[in-house]
$ cat entry_5.cif   # mmCIF, C-alpha atoms
data_target
loop_
_atom_site.label_atom_id
_atom_site.label_comp_id
_atom_site.auth_asym_id
_atom_site.auth_seq_id
_atom_site.Cartn_x
_atom_site.Cartn_y
_atom_site.Cartn_z
CA MET Q 1 -23.07 17.35 28.76
CA ASP Q 2 -24.30 20.10 26.37
CA ARG Q 3 -21.18 19.77 24.23
CA LYS Q 4 -21.66 16.02 24.04
CA LEU Q 5 -25.30 16.36 22.96
CA LEU Q 6 -24.41 18.90 20.26
CA SER Q 7 -21.47 16.97 18.85
CA LEU Q 8 -21.80 15.61 15.32
CA SER Q 9 -19.92 12.96 13.44
CA LEU Q 10 -17.56 14.08 10.69
CA PHE Q 11 -19.99 12.73 8.05
CA TRP Q 12 -22.86 14.89 9.26
CA ARG Q 13 -20.65 17.96 9.65
CA THR Q 14 -19.39 17.54 6.09
CA PHE Q 15 -22.91 16.84 4.82
CA PHE Q 16 -24.45 19.91 6.48
CA LEU Q 17 -21.66 22.23 5.35
CA LEU Q 18 -21.79 20.97 1.76
CA SER Q 19 -25.59 21.18 1.72
CA LEU Q 20 -25.52 24.72 3.10
CA LEU Q 21 -22.91 25.82 0.57
CA LEU Q 22 -24.59 24.24 -2.44
CA THR Q 23 -28.10 25.31 -1.40
CA GLY Q 24 -26.88 28.89 -1.01
CA GLY Q 25 -25.34 28.62 -4.48
CA VAL Q 26 -28.60 27.33 -5.96
CA VAL Q 27 -30.63 30.15 -4.38
CA ALA Q 28 -28.12 32.75 -5.55
CA TRP Q 29 -28.18 31.40 -9.10
CA VAL Q 30 -32.00 31.33 -9.12
CA GLN Q 31 -32.14 34.96 -8.02
CA THR Q 32 -29.57 35.87 -10.66
CA LEU Q 33 -31.48 34.04 -13.39
CA ARG Q 34 -34.74 35.69 -12.35
CA GLN Q 35 -33.14 39.09 -12.62
CA LEU Q 36 -31.55 38.25 -15.95
CA GLU Q 37 -34.82 36.80 -17.25
CA PHE Q 38 -36.97 39.72 -16.03
CA GLU Q 39 -35.81 42.47 -18.40
CA PRO Q 40 -35.65 40.47 -21.67
CA ARG Q 41 -39.03 38.84 -21.08
CA ALA Q 42 -40.69 42.19 -20.40
CA VAL Q 43 -39.12 43.77 -23.49
CA VAL Q 44 -39.97 40.85 -25.77
CA ALA Q 45 -43.56 40.74 -24.50
CA ALA Q 46 -43.95 44.50 -25.06
CA GLN Q 47 -42.48 44.19 -28.56
CA GLN Q 48 -44.93 41.44 -29.46
CA ILE Q 49 -47.92 43.41 -28.21
CA ALA Q 50 -46.70 46.60 -29.91
CA SER Q 51 -46.30 44.67 -33.17
CA LEU Q 52 -49.87 43.42 -32.90
CA VAL Q 53 -51.15 46.94 -32.29
CA ASN Q 54 -49.18 48.39 -35.20
CA LEU Q 55 -50.28 45.61 -37.56
CA SER Q 56 -53.89 46.02 -36.51
CA ARG Q 57 -53.72 49.79 -36.82
CA GLY Q 58 -52.00 49.57 -40.22
CA ALA Q 59 -54.56 47.08 -41.55
CA MET Q 60 -57.54 49.13 -40.39
CA LYS Q 61 -56.26 52.61 -41.21
CA ASN Q 62 -56.91 52.74 -44.98
CA VAL Q 63 -60.25 50.91 -45.23
CA ASP Q 64 -63.79 52.18 -44.97
CA GLY Q 65 -65.99 51.64 -41.97
CA ILE Q 66 -67.82 48.52 -43.24
CA THR Q 67 -64.54 46.83 -44.27
CA ARG Q 68 -62.99 47.81 -40.93
CA ILE Q 69 -65.80 46.06 -39.04
CA ALA Q 70 -65.36 42.92 -41.17
CA LEU Q 71 -61.61 43.01 -40.62
CA MET Q 72 -62.08 43.32 -36.85
CA LYS Q 73 -64.39 40.27 -36.89
CA SER Q 74 -61.92 38.29 -39.02
CA MET Q 75 -59.04 39.06 -36.63
CA THR Q 76 -61.12 37.93 -33.68
CA ASP Q 77 -62.01 34.62 -35.36
CA GLN Q 78 -58.52 33.77 -36.68
CA GLU Q 79 -56.13 35.20 -34.08
CA ALA Q 80 -55.95 35.21 -30.32
CA VAL Q 81 -56.53 38.97 -30.30
CA ARG Q 82 -59.63 41.14 -30.42
CA VAL Q 83 -60.05 44.72 -31.60
CA LEU Q 84 -63.04 46.51 -30.11
CA PRO Q 85 -64.27 50.09 -30.25
CA ARG Q 86 -63.28 52.11 -27.23
CA GLU Q 87 -66.28 53.88 -25.71
CA PRO Q 88 -66.12 56.88 -23.35
CA SER Q 89 -68.18 54.91 -20.84
CA ASP Q 90 -65.69 52.01 -20.65
CA ARG Q 91 -64.37 51.26 -17.16
CA TRP Q 92 -60.76 50.12 -17.04
CA GLU Q 93 -58.05 49.46 -14.49
CA PRO Q 94 -54.36 50.33 -14.95
CA TYR Q 95 -52.13 47.46 -16.01
CA GLU Q 96 -49.22 48.47 -13.76
CA VAL Q 97 -49.34 46.46 -10.54
CA ASP Q 98 -45.71 45.31 -10.14
CA ALA Q 99 -42.23 45.84 -11.56
CA PHE Q 100 -42.81 43.46 -14.48
CA THR Q 101 -46.10 45.03 -15.64
CA ARG Q 102 -44.71 48.55 -15.16
CA ARG Q 103 -41.77 47.65 -17.39
CA ILE Q 104 -44.13 46.31 -20.11
CA ALA Q 105 -46.43 49.37 -19.93
CA ALA Q 106 -43.45 51.73 -20.17
CA GLU Q 107 -42.05 49.83 -23.19
CA LEU Q 108 -45.48 49.93 -24.93
CA ARG Q 109 -45.77 53.68 -24.46
CA VAL Q 110 -42.28 54.17 -25.87
CA ARG Q 111 -43.16 52.15 -28.98
CA LEU Q 112 -46.79 53.30 -29.45
CA GLY Q 113 -46.71 56.84 -28.10
CA GLU Q 114 -47.40 58.55 -24.81
CA GLY Q 115 -51.17 58.53 -25.34
CA THR Q 116 -51.28 54.74 -25.27
CA VAL Q 117 -53.54 53.30 -22.60
CA VAL Q 118 -52.55 49.95 -21.06
CA ALA Q 119 -55.15 48.22 -18.89
CA ARG Q 120 -55.51 44.88 -17.16
CA SER Q 121 -59.29 44.93 -17.06
CA VAL Q 122 -61.94 46.62 -19.21
CA ASN Q 123 -65.57 46.51 -18.13
CA GLY Q 124 -64.76 43.69 -15.72
CA GLN Q 125 -63.02 41.48 -18.31
CA ASP Q 126 -59.44 40.64 -17.34
CA ALA Q 127 -56.81 40.58 -20.10
CA LEU Q 128 -54.08 42.78 -21.49
CA TRP Q 129 -55.85 45.73 -23.10
CA VAL Q 130 -54.02 48.32 -25.19
CA GLY Q 131 -55.90 51.49 -26.17
CA PHE Q 132 -54.85 53.08 -29.50
CA THR Q 133 -56.34 55.57 -31.98
CA ILE Q 134 -56.85 55.63 -35.74
CA ASP Q 135 -57.48 59.20 -36.79
CA ASP Q 136 -60.27 60.26 -34.43
CA ASP Q 137 -61.47 56.74 -33.64
CA ARG Q 138 -60.35 54.94 -30.54
CA TYR Q 139 -60.01 51.19 -30.12
CA TRP Q 140 -59.05 48.51 -27.64
CA LEU Q 141 -56.76 45.61 -28.58
CA GLN Q 142 -57.25 42.62 -26.30
CA ALA Q 143 -54.34 40.14 -26.10
CA GLU Q 144 -54.01 36.92 -24.16
CA SER Q 145 -52.42 37.43 -20.74
CA ALA Q 146 -50.24 34.36 -21.35
CA ARG Q 147 -48.25 36.37 -23.90
CA VAL Q 148 -46.84 38.58 -21.16
CA THR Q 149 -47.00 36.33 -18.11
CA PRO Q 150 -43.60 35.71 -16.45
CA LEU Q 151 -42.65 32.36 -14.92
CA THR Q 152 -44.87 31.82 -11.91
CA SER Q 153 -43.56 31.40 -8.39
CA SER Q 154 -44.78 27.79 -8.35
CA THR Q 155 -42.62 27.04 -11.41
CA TRP Q 156 -39.60 28.55 -9.73
CA PHE Q 157 -40.34 26.61 -6.53
CA VAL Q 158 -40.55 23.34 -8.46
CA TRP Q 159 -37.20 23.86 -10.12
CA VAL Q 160 -35.57 25.17 -6.95
CA GLY Q 161 -36.94 22.16 -5.05
CA ILE Q 162 -35.50 19.78 -7.63
CA ALA Q 163 -32.14 21.56 -7.48
CA ILE Q 164 -32.07 21.47 -3.65
CA LEU Q 165 -33.04 17.78 -3.60
CA ALA Q 166 -30.23 17.01 -6.04
CA THR Q 167 -27.93 19.11 -3.84
CA ILE Q 168 -28.82 17.12 -0.72
CA ILE Q 169 -28.34 13.77 -2.45
CA GLY Q 170 -25.06 14.93 -3.98
CA SER Q 171 -23.87 16.27 -0.62
CA ALA Q 172 -24.61 12.94 1.06
CA MET Q 173 -22.69 11.05 -1.62
CA ILE Q 174 -19.72 13.43 -1.48
CA ALA Q 175 -19.66 13.39 2.33
CA GLY Q 176 -19.75 9.59 2.27
CA LEU Q 177 -16.85 9.43 -0.18
CA ILE Q 178 -14.82 11.93 1.85
CA ASN Q 179 -15.43 10.18 5.16
CA ARG Q 180 -15.18 6.56 3.98
CA PRO Q 181 -11.37 6.38 4.45
CA LEU Q 182 -11.69 7.89 7.93
CA LYS Q 183 -14.42 5.40 8.85
CA GLU Q 184 -12.24 2.53 7.63
CA LEU Q 185 -9.33 3.92 9.63
CA SER Q 186 -11.50 4.20 12.75
CA THR Q 187 -12.73 0.62 12.33
CA ALA Q 188 -9.20 -0.65 11.81
CA ALA Q 189 -7.96 1.25 14.88
CA ALA Q 190 -10.76 -0.30 16.96
CA ARG Q 191 -9.74 -3.77 15.77
CA ILE Q 192 -6.12 -3.04 16.68
CA ARG Q 193 -7.30 -1.92 20.11
CA ASP Q 194 -9.08 -5.28 20.52
CA GLY Q 195 -5.89 -7.15 19.69
CA GLU Q 196 -6.43 -7.95 16.00
CA TYR Q 197 -2.97 -6.93 14.83
CA ASP Q 198 -3.40 -8.50 11.38
CA THR Q 199 -5.70 -5.61 10.38
CA ARG Q 200 -4.59 -3.87 7.18
CA LEU Q 201 -5.80 -0.89 5.14
CA ASP Q 202 -5.74 -0.49 1.36
CA GLU Q 203 -2.42 0.99 0.23
CA ARG Q 204 -3.47 1.32 -3.43
CA THR Q 205 -6.11 4.02 -3.00
CA SER Q 206 -5.91 6.88 -5.50
CA THR Q 207 -5.91 9.65 -2.87
CA THR Q 208 -2.32 10.54 -1.97
CA GLU Q 209 -2.98 11.65 1.61
CA VAL Q 210 -5.17 8.65 2.41
CA ARG Q 211 -2.62 6.30 0.88
CA ALA Q 212 0.14 7.81 3.05
CA VAL Q 213 -2.01 7.41 6.18
CA ASN Q 214 -2.85 3.80 5.28
CA VAL Q 215 0.80 2.96 4.64
CA GLY Q 216 1.77 4.43 8.03
CA PHE Q 217 -1.08 2.63 9.78
CA ASN Q 218 -0.14 -0.72 8.24
CA ARG Q 219 3.48 -0.22 9.26
CA MET Q 220 2.35 0.53 12.82
CA ALA Q 221 0.10 -2.57 12.83
CA ARG Q 222 3.00 -4.76 11.69
CA GLU Q 223 5.25 -3.35 14.41
CA LEU Q 224 2.58 -3.89 17.06
CA ALA Q 225 2.04 -7.45 15.84
CA LYS Q 226 5.78 -8.07 16.11
CA VAL Q 227 5.92 -6.55 19.60
CA GLU Q 228 2.94 -8.67 20.68
CA GLN Q 229 4.54 -11.79 19.25
CA ASP Q 230 7.85 -11.04 20.97
CA ARG Q 231 6.07 -10.39 24.24
CA THR Q 232 4.13 -13.65 23.95
CA VAL Q 233 7.30 -15.62 23.28
CA MET Q 234 9.12 -13.86 26.12
CA LEU Q 235 6.34 -14.43 28.67
CA ALA Q 236 5.96 -18.05 27.63
CA GLY Q 237 9.73 -18.59 27.86
CA ILE Q 238 10.00 -16.93 31.26
CA SER Q 239 7.03 -18.88 32.59
CA HIS Q 240 8.42 -22.15 31.28
CA ASP Q 241 11.92 -21.51 32.65
CA LEU Q 242 10.62 -20.60 36.10
CA ARG Q 243 8.68 -23.82 36.61
CA THR Q 244 11.80 -26.05 36.71
CA PRO Q 245 13.58 -24.24 39.60
CA LEU Q 246 10.28 -23.93 41.45
CA ALA Q 247 9.79 -27.69 41.25
CA ARG Q 248 13.32 -28.25 42.57
CA ILE Q 249 12.74 -25.79 45.43
CA ARG Q 250 9.52 -27.57 46.39
CA LEU Q 251 11.30 -30.94 46.34
CA GLU Q 252 14.27 -29.66 48.40
CA ALA Q 253 11.94 -28.00 50.91
CA GLU Q 254 9.92 -31.17 51.45
CA ILE Q 255 13.11 -33.24 51.90
CA SER Q 256 15.47 -31.00 53.82
CA ILE Q 257 13.26 -28.75 56.01
CA PRO Q 258 12.11 -30.57 59.14
CA ASP Q 259 9.81 -27.80 60.40
CA GLU Q 260 6.34 -28.65 59.06
CA GLU Q 261 5.03 -25.09 59.43
CA ALA Q 262 8.00 -23.60 57.55
CA ARG Q 263 7.61 -26.28 54.92
CA SER Q 264 3.93 -25.37 54.56
CA HIS Q 265 4.73 -21.66 54.16
CA ILE Q 266 7.31 -22.41 51.50
CA ALA Q 267 4.80 -24.64 49.69
CA ASP Q 268 2.21 -21.84 49.80
CA ASP Q 269 4.72 -19.36 48.38
CA ILE Q 270 5.62 -21.79 45.61
CA ASP Q 271 1.90 -22.31 44.85
CA GLN Q 272 1.45 -18.56 44.66
CA LEU Q 273 4.40 -18.22 42.27
CA ASP Q 274 3.02 -21.08 40.22
CA ALA Q 275 -0.38 -19.32 40.03
CA ILE Q 276 1.36 -16.13 38.88
CA ILE Q 277 3.12 -18.11 36.17
CA ASP Q 278 -0.27 -19.49 35.09
CA LYS Q 279 -1.54 -15.92 34.77
CA PHE Q 280 1.46 -15.02 32.60
CA MET Q 281 0.74 -18.01 30.41
CA ASP Q 282 -2.94 -17.13 30.13
CA TYR Q 283 -2.17 -13.54 29.21
CA ALA Q 284 0.44 -14.61 26.67
CA ARG Q 285 -1.95 -17.05 25.02
CA PRO Q 286 -2.45 -16.40 21.25
CA GLY Q 287 -5.52 -14.40 20.28
CA VAL Q 288 -7.14 -16.97 17.99
CA THR Q 289 -10.25 -18.53 19.56
CA ARG Q 290 -12.69 -21.00 18.04
CA LEU Q 291 -16.23 -20.03 19.03
CA GLU Q 292 -19.16 -22.41 19.50
CA PRO Q 293 -22.45 -22.50 21.44
CA VAL Q 294 -21.63 -23.03 25.13
CA PRO Q 295 -24.12 -23.84 27.96
CA LEU Q 296 -23.53 -20.92 30.29
CA ALA Q 297 -24.83 -22.38 33.56
CA ALA Q 298 -22.85 -25.62 33.17
CA VAL Q 299 -19.56 -23.76 32.67
CA VAL Q 300 -20.11 -21.41 35.62
CA GLU Q 301 -21.15 -24.24 37.96
CA ARG Q 302 -18.14 -26.32 36.91
CA GLU Q 303 -15.76 -23.51 37.81
CA ALA Q 304 -17.61 -22.75 41.05
CA MET Q 305 -17.19 -26.38 42.11
CA ALA Q 306 -13.41 -25.87 42.21
CA PHE Q 307 -13.87 -23.41 45.09
CA ARG Q 308 -14.99 -25.91 47.72
CA ASP Q 309 -13.66 -24.21 50.85
CA ALA Q 310 -16.75 -22.55 52.36
CA SER Q 311 -14.57 -20.68 54.83
CA GLN Q 312 -12.99 -18.79 51.93
CA ILE Q 313 -15.82 -18.19 49.44
CA ARG Q 314 -19.49 -18.97 48.97
CA ILE Q 315 -20.96 -18.73 45.47
CA ALA Q 316 -24.71 -18.44 44.78
CA ILE Q 317 -25.59 -19.05 41.12
CA GLN Q 318 -28.87 -17.95 39.54
CA LEU Q 319 -28.54 -18.72 35.82
CA SER Q 320 -31.02 -20.10 33.35
CA PRO Q 321 -30.17 -23.75 32.60
CA VAL Q 322 -31.08 -23.28 28.91
CA SER Q 323 -29.02 -20.16 28.25
CA ARG Q 324 -26.25 -20.63 25.71
CA VAL Q 325 -23.63 -18.13 24.62
CA LEU Q 326 -21.13 -17.96 21.79
CA GLY Q 327 -17.66 -18.68 23.13
CA ASP Q 328 -14.90 -21.15 23.83
CA PRO Q 329 -15.67 -23.51 26.76
CA ILE Q 330 -12.11 -23.50 28.11
CA GLU Q 331 -11.70 -19.74 27.63
CA LEU Q 332 -15.09 -19.03 29.22
CA GLY Q 333 -14.25 -21.27 32.17
CA ARG Q 334 -10.98 -19.40 32.65
CA VAL Q 335 -12.93 -16.11 32.74
CA PHE Q 336 -15.19 -17.16 35.62
CA ALA Q 337 -12.37 -18.94 37.44
CA ASN Q 338 -10.42 -15.68 37.48
CA LEU Q 339 -13.48 -13.68 38.60
CA PHE Q 340 -14.16 -16.13 41.45
CA GLU Q 341 -10.50 -16.12 42.47
CA ASN Q 342 -10.50 -12.31 42.42
CA ALA Q 343 -13.60 -12.29 44.66
CA ARG Q 344 -12.05 -14.91 47.01
CA ARG Q 345 -8.97 -12.76 47.53
CA TYR Q 346 -10.45 -9.28 47.66
CA GLY Q 347 -14.23 -9.62 48.04
CA ARG Q 348 -14.57 -10.28 51.75
CA ALA Q 349 -16.59 -7.96 53.93
CA SER Q 350 -14.07 -8.62 56.74
CA GLU Q 351 -10.96 -10.70 57.34
CA THR Q 352 -12.87 -13.36 59.28
CA THR Q 353 -15.83 -13.87 56.95
CA PRO Q 354 -15.86 -15.69 53.62
CA ALA Q 355 -16.43 -13.88 50.35
CA GLU Q 356 -20.10 -13.87 49.36
CA VAL Q 357 -20.49 -14.03 45.57
CA GLN Q 358 -23.73 -13.84 43.60
CA VAL Q 359 -23.92 -14.78 39.92
CA GLY Q 360 -26.95 -13.68 37.91
CA GLN Q 361 -27.91 -12.90 34.36
CA LEU Q 362 -30.16 -10.69 32.27
CA GLN Q 363 -30.90 -10.54 28.56
CA ALA Q 364 -30.34 -7.41 26.46
CA GLY Q 365 -31.29 -8.04 22.84
CA PRO Q 366 -28.71 -10.34 21.25
CA TRP Q 367 -26.59 -10.29 24.42
CA ILE Q 368 -26.59 -12.08 27.75
CA ILE Q 369 -25.09 -10.04 30.59
CA VAL Q 370 -23.70 -12.14 33.44
CA THR Q 371 -23.18 -10.26 36.71
CA VAL Q 372 -20.64 -11.46 39.27
CA ARG Q 373 -21.06 -9.51 42.52
CA ASP Q 374 -19.07 -9.71 45.74
CA ARG Q 375 -19.64 -7.98 49.11
CA GLY Q 376 -16.16 -6.57 49.58
CA PRO Q 377 -15.04 -2.97 50.08
CA GLY Q 378 -15.28 -2.13 46.39
CA VAL Q 379 -12.90 0.09 44.43
CA PRO Q 380 -12.67 3.90 44.18
CA ALA Q 381 -14.60 5.11 41.14
CA GLU Q 382 -11.53 6.69 39.53
CA LYS Q 383 -9.73 3.33 39.55
CA LEU Q 384 -12.53 1.16 38.10
CA THR Q 385 -11.33 1.58 34.51
CA GLN Q 386 -7.81 0.50 35.53
CA LEU Q 387 -8.81 -2.83 37.05
CA THR Q 388 -8.45 -4.69 33.73
CA THR Q 389 -5.07 -3.09 33.01
CA PRO Q 390 -2.18 -5.59 33.22
CA PHE Q 391 -0.24 -5.45 36.52
CA PHE Q 392 -2.64 -2.97 38.14
CA ARG Q 393 -3.86 -3.75 41.66
CA GLY Q 394 -6.24 -1.64 43.72
CA ASP Q 395 -4.19 -2.11 46.88
CA THR Q 396 -5.51 0.91 48.68
CA ALA Q 397 -9.13 -0.16 48.41
CA ARG Q 398 -8.88 -3.94 48.61
CA THR Q 399 -7.32 -6.20 51.19
CA SER Q 400 -4.59 -8.81 50.93
CA ALA Q 401 -3.48 -7.64 47.48
CA THR Q 402 -1.20 -10.38 46.19
CA GLY Q 403 -0.34 -11.75 42.77
CA ALA Q 404 0.84 -10.07 39.60
CA GLY Q 405 -2.30 -8.06 38.85
CA LEU Q 406 -3.07 -10.04 35.69
CA GLY Q 407 -6.31 -11.82 36.68
CA LEU Q 408 -8.80 -9.23 35.39
CA ALA Q 409 -6.52 -8.38 32.45
CA VAL Q 410 -6.72 -12.05 31.42
CA VAL Q 411 -10.51 -11.91 31.84
CA LYS Q 412 -10.83 -8.86 29.59
CA LYS Q 413 -8.59 -10.32 26.91
CA SER Q 414 -10.43 -13.65 26.92
CA ILE Q 415 -13.85 -11.98 26.67
CA GLN Q 416 -12.69 -9.77 23.81
CA ARG Q 417 -11.45 -12.85 21.95
CA MET Q 418 -15.00 -14.22 22.22
CA GLY Q 419 -16.53 -11.00 20.88
CA GLY Q 420 -17.84 -9.78 24.23
CA SER Q 421 -16.96 -7.09 26.74
CA ILE Q 422 -16.62 -6.57 30.49
CA GLU Q 423 -17.42 -3.59 32.68
CA MET Q 424 -16.47 -3.20 36.33
CA THR Q 425 -18.70 -1.13 38.64
CA ASN Q 426 -19.33 -0.69 42.34
CA GLY Q 427 -22.61 -2.17 43.56
CA ALA Q 428 -25.29 0.12 44.99
CA GLU Q 429 -25.13 -1.84 48.26
CA GLY Q 430 -21.35 -2.16 48.26
CA GLY Q 431 -18.96 -4.61 46.69
CA LEU Q 432 -17.57 -4.94 43.18
CA VAL Q 433 -19.73 -6.02 40.25
CA ALA Q 434 -18.39 -7.45 36.99
CA HIS Q 435 -20.81 -7.20 34.04
CA VAL Q 436 -19.76 -9.79 31.44
CA ARG Q 437 -21.47 -9.26 28.09
CA LEU Q 438 -21.59 -12.35 25.87
CA ARG Q 439 -23.40 -12.95 22.59
CA ARG Q 440 -26.54 -15.03 23.04
CA VAL Q 441 -27.23 -18.15 20.97
CA GLU Q 442 -30.87 -18.82 20.10
CA ALA Q 443 -32.28 -22.09 21.42
CA THR Q 444 -32.95 -24.67 18.69
#
$ encode --input "entry_5.cif" --output "C-alpha cells"
Amino acid sequence: MDRKLLSLSLFWRTFFLLSLLLTGGVVAWVQTLRQLEFEPRAVVAAQQIASLVNLSRGAMKNVDGITRIALMKSMTDQEAVRVLPREPSDRWEPYEVDAFTRRIAAELRVRLGEGTVVARSVNGQDALWVGFTIDDDRYWLQAESARVTPLTSSTWFVWVGIAILATIIGSAMIAGLINRPLKELSTAAARIRDGEYDTRLDERTSTTEVRAVNVGFNRMARELAKVEQDRTVMLAGISHDLRTPLARIRLEAEISIPDEEARSHIADDIDQLDAIIDKFMDYARPGVTRLEPVPLAAVVEREAMAFRDASQIRIAIQLSPVSRVLGDPIELGRVFANLFENARRYGRASETTPAEVQVGQLQAGPWIIVTVRDRGPGVPAEKLTQLTTPFFRGDTARTSATGAGLGLAVVKKSIQRMGGSIEMTNGAEGGLVAHVRLRRVEAT
C-alpha cells in the first residue's frame, strides 16, 4: 500500500528530476556569479573612492585656507561628496563589518596609505567616510554609500526566483514532450485491449526510437486485427455449419425414437448445443455498435419477461422508469439476457429453490450503475476476475456448470462496445453481484 501511494507517473518523475537538476544548476551559477562579482566590485568601488580622495587632496593641497574653505563648499554643492574638517572629538565607527567592506577598506589603505581611516558613521551620520591628511590638517571625505553597495539579497532573490520559475515551466514542457509518445502508446494499448484493433500510431515522428516503437506497435495491431477477423470468420462458420446437422438430428429423433422421455432428453441436449452456438455467434459478432439513448427499465423488463418459469428464476426489478443510457437496444438486451441466464443456472441457494435475482441502480456522476444480484453460492475471490474470460467456468464454486463459458465474456464484450464496463463481486450477504456501468443520458 505504501509503495502504491508513493508511486508517481513518468511525467512527474521526469518533471521533478529535471526541475531538481536545473534548479541546482541555477543556484550553483548564482553562487559562482556572486563570487566572481564580489572581488571586481569591491576593487572598482575602492578605486573610485581613492580617486575622489586623491583629487580632493590634490585640489586643496596648494591653496590657502580661505580658498580651501571655498573649494570645500563648491565640491559639496556640485558633487555627491563632502569634505569636512576632522576634529579630535569626532566619534566614528569602523567601516569593516563583512567581507565586502573589509575588502574595500583594505584596498583604500593600499592606495591611500596605512594611516587612512575608513568609517561607516561619523558623529551618528551614516555614509562612507574616508579620513585623510593634508600636511598637518586632517579631513573627512564623505561619499554616497550607493557607490560601494553590492547587489542586495532581495535583488538576487528576484533574479533567482525568475530563473527558478523559468526552470519549472521549462521542465514541465520538456517532461510533456518526452512523455507524450509514451502517453499516446499507453492510450493506444488501452484501445487495443478494449478491442479497437484499428488503432494506429504516427510512424513519421522525428524521434528514431519512438518511430521504431510505433512501427512495431502498428504491425502488432494489424496482426491482432487479422487474428480477430480470422477468429470471427471461423466461429461464425463453425456455428453455421453445426446448425444443419443439429436440425437433422432433432428431426430424426422426433420421427424415429418412440420413447418420449428419451426424445425429450435429446431435444434438451440439442437446445443446449443450439444455445452454445448462439453464444459463439454473439462473441464473434463484429465490434462496431451504433449507440443511441435507450430506456433502461424497458429493456431490462423486456428481457426479464422471457424468463417466465417461476420455478427456475424470480426477478425483482427496481429501476427508474425515466433513466436512459447510451447504448444499443439489441446489444443491451443481450447483456441482461445473459446475466439472467447466468443467474438462472448458477444463482440458486439450493437445488430445489428458484434463483432469486434483484436488479437495482444507482447514479455516479455521468454513469448509471446497474446491479444484478443473485442469492447463489458466489465465487471464490481469486476467481472473480476470470469470470468474464472466454471459456472459463467457476465449476468448483457454482452448481450445474454447463455451457461453453462464454455468457459473461459476451456480456463484457458487449458492454465495452457501448463504452461501459462490468465488475463482478461477491455480495456482503452472499451471492454474486454484477455491477454494469453505463453512460447516462440526460433527460430532455
$ resolve_selection --input "entry_5.cif" --expression "the PyMOL selection byres ((chain Q and resi 302-312) around 12)" --output "PDB file with C-alpha atoms, in the frame of the given file"
ATOM      1  CA  PRO Q 295     -24.120 -23.840  27.960  1.00  0.00           C
ATOM      2  CA  LEU Q 296     -23.530 -20.920  30.290  1.00  0.00           C
ATOM      3  CA  ALA Q 297     -24.830 -22.380  33.560  1.00  0.00           C
ATOM      4  CA  ALA Q 298     -22.850 -25.620  33.170  1.00  0.00           C
ATOM      5  CA  VAL Q 299     -19.560 -23.760  32.670  1.00  0.00           C
ATOM      6  CA  VAL Q 300     -20.110 -21.410  35.620  1.00  0.00           C
ATOM      7  CA  GLU Q 301     -21.150 -24.240  37.960  1.00  0.00           C
ATOM      8  CA  ILE Q 313     -15.820 -18.190  49.440  1.00  0.00           C
ATOM      9  CA  ARG Q 314     -19.490 -18.970  48.970  1.00  0.00           C
ATOM     10  CA  ILE Q 315     -20.960 -18.730  45.470  1.00  0.00           C
ATOM     11  CA  ALA Q 316     -24.710 -18.440  44.780  1.00  0.00           C
ATOM     12  CA  ILE Q 317     -25.590 -19.050  41.120  1.00  0.00           C
ATOM     13  CA  PRO Q 329     -15.670 -23.510  26.760  1.00  0.00           C
ATOM     14  CA  ILE Q 330     -12.110 -23.500  28.110  1.00  0.00           C
ATOM     15  CA  GLU Q 331     -11.700 -19.740  27.630  1.00  0.00           C
ATOM     16  CA  LEU Q 332     -15.090 -19.030  29.220  1.00  0.00           C
ATOM     17  CA  GLY Q 333     -14.250 -21.270  32.170  1.00  0.00           C
ATOM     18  CA  ARG Q 334     -10.980 -19.400  32.650  1.00  0.00           C
ATOM     19  CA  VAL Q 335     -12.930 -16.110  32.740  1.00  0.00           C
ATOM     20  CA  PHE Q 336     -15.190 -17.160  35.620  1.00  0.00           C
ATOM     21  CA  ALA Q 337     -12.370 -18.940  37.440  1.00  0.00           C
ATOM     22  CA  ASN Q 338     -10.420 -15.680  37.480  1.00  0.00           C
ATOM     23  CA  LEU Q 339     -13.480 -13.680  38.600  1.00  0.00           C
ATOM     24  CA  PHE Q 340     -14.160 -16.130  41.450  1.00  0.00           C
ATOM     25  CA  GLU Q 341     -10.500 -16.120  42.470  1.00  0.00           C
ATOM     26  CA  ASN Q 342     -10.500 -12.310  42.420  1.00  0.00           C
ATOM     27  CA  ALA Q 343     -13.600 -12.290  44.660  1.00  0.00           C
ATOM     28  CA  ARG Q 344     -12.050 -14.910  47.010  1.00  0.00           C
ATOM     29  CA  ARG Q 345      -8.970 -12.760  47.530  1.00  0.00           C
ATOM     30  CA  TYR Q 346     -10.450  -9.280  47.660  1.00  0.00           C
ATOM     31  CA  GLY Q 347     -14.230  -9.620  48.040  1.00  0.00           C
ATOM     32  CA  ARG Q 348     -14.570 -10.280  51.750  1.00  0.00           C
ATOM     33  CA  ALA Q 349     -16.590  -7.960  53.930  1.00  0.00           C
ATOM     34  CA  SER Q 350     -14.070  -8.620  56.740  1.00  0.00           C
ATOM     35  CA  GLU Q 351     -10.960 -10.700  57.340  1.00  0.00           C
ATOM     36  CA  THR Q 352     -12.870 -13.360  59.280  1.00  0.00           C
ATOM     37  CA  THR Q 353     -15.830 -13.870  56.950  1.00  0.00           C
ATOM     38  CA  PRO Q 354     -15.860 -15.690  53.620  1.00  0.00           C
ATOM     39  CA  ALA Q 355     -16.430 -13.880  50.350  1.00  0.00           C
ATOM     40  CA  GLU Q 356     -20.100 -13.870  49.360  1.00  0.00           C
ATOM     41  CA  VAL Q 357     -20.490 -14.030  45.570  1.00  0.00           C
ATOM     42  CA  GLN Q 358     -23.730 -13.840  43.600  1.00  0.00           C
ATOM     43  CA  VAL Q 359     -23.920 -14.780  39.920  1.00  0.00           C
ATOM     44  CA  VAL Q 372     -20.640 -11.460  39.270  1.00  0.00           C
TER      45      VAL Q 372
END
$ residues_around --input "entry_5.cif" --residues "range 113-130 of chain Q" --least-positions-apart "5" --cutoff "6 Å" --atoms "all atoms listed in the file" --output "JSON, numbers by chain"
{"Q": [91, 92, 93, 94, 95, 140, 141, 142, 143, 145]}
$ resolve_selection --input "entry_5.cif" --expression "the PyMOL selection byres ((chain Q and resi 439) around 9)" --output "VMD selection string"
chain Q and resid 324 to 327 366 to 369 418 to 420 437 to 438 440 to 441
$ resolve_selection --input "entry_5.cif" --expression "the PyMOL selection byres ((chain Q and resi 102) around 12)" --output "list of chain:residue names"
Q:Phe38, Q:Glu39, Q:Ala42, Q:Val43, Q:Ala46, Q:Pro94, Q:Tyr95, Q:Glu96, Q:Val97, Q:Asp98, Q:Ala99, Q:Phe100, Q:Thr101, Q:Arg103, Q:Ile104, Q:Ala105, Q:Ala106, Q:Glu107, Q:Leu108, Q:Arg109, Q:Val118, Q:Ala119, Q:Arg120, Q:Val148
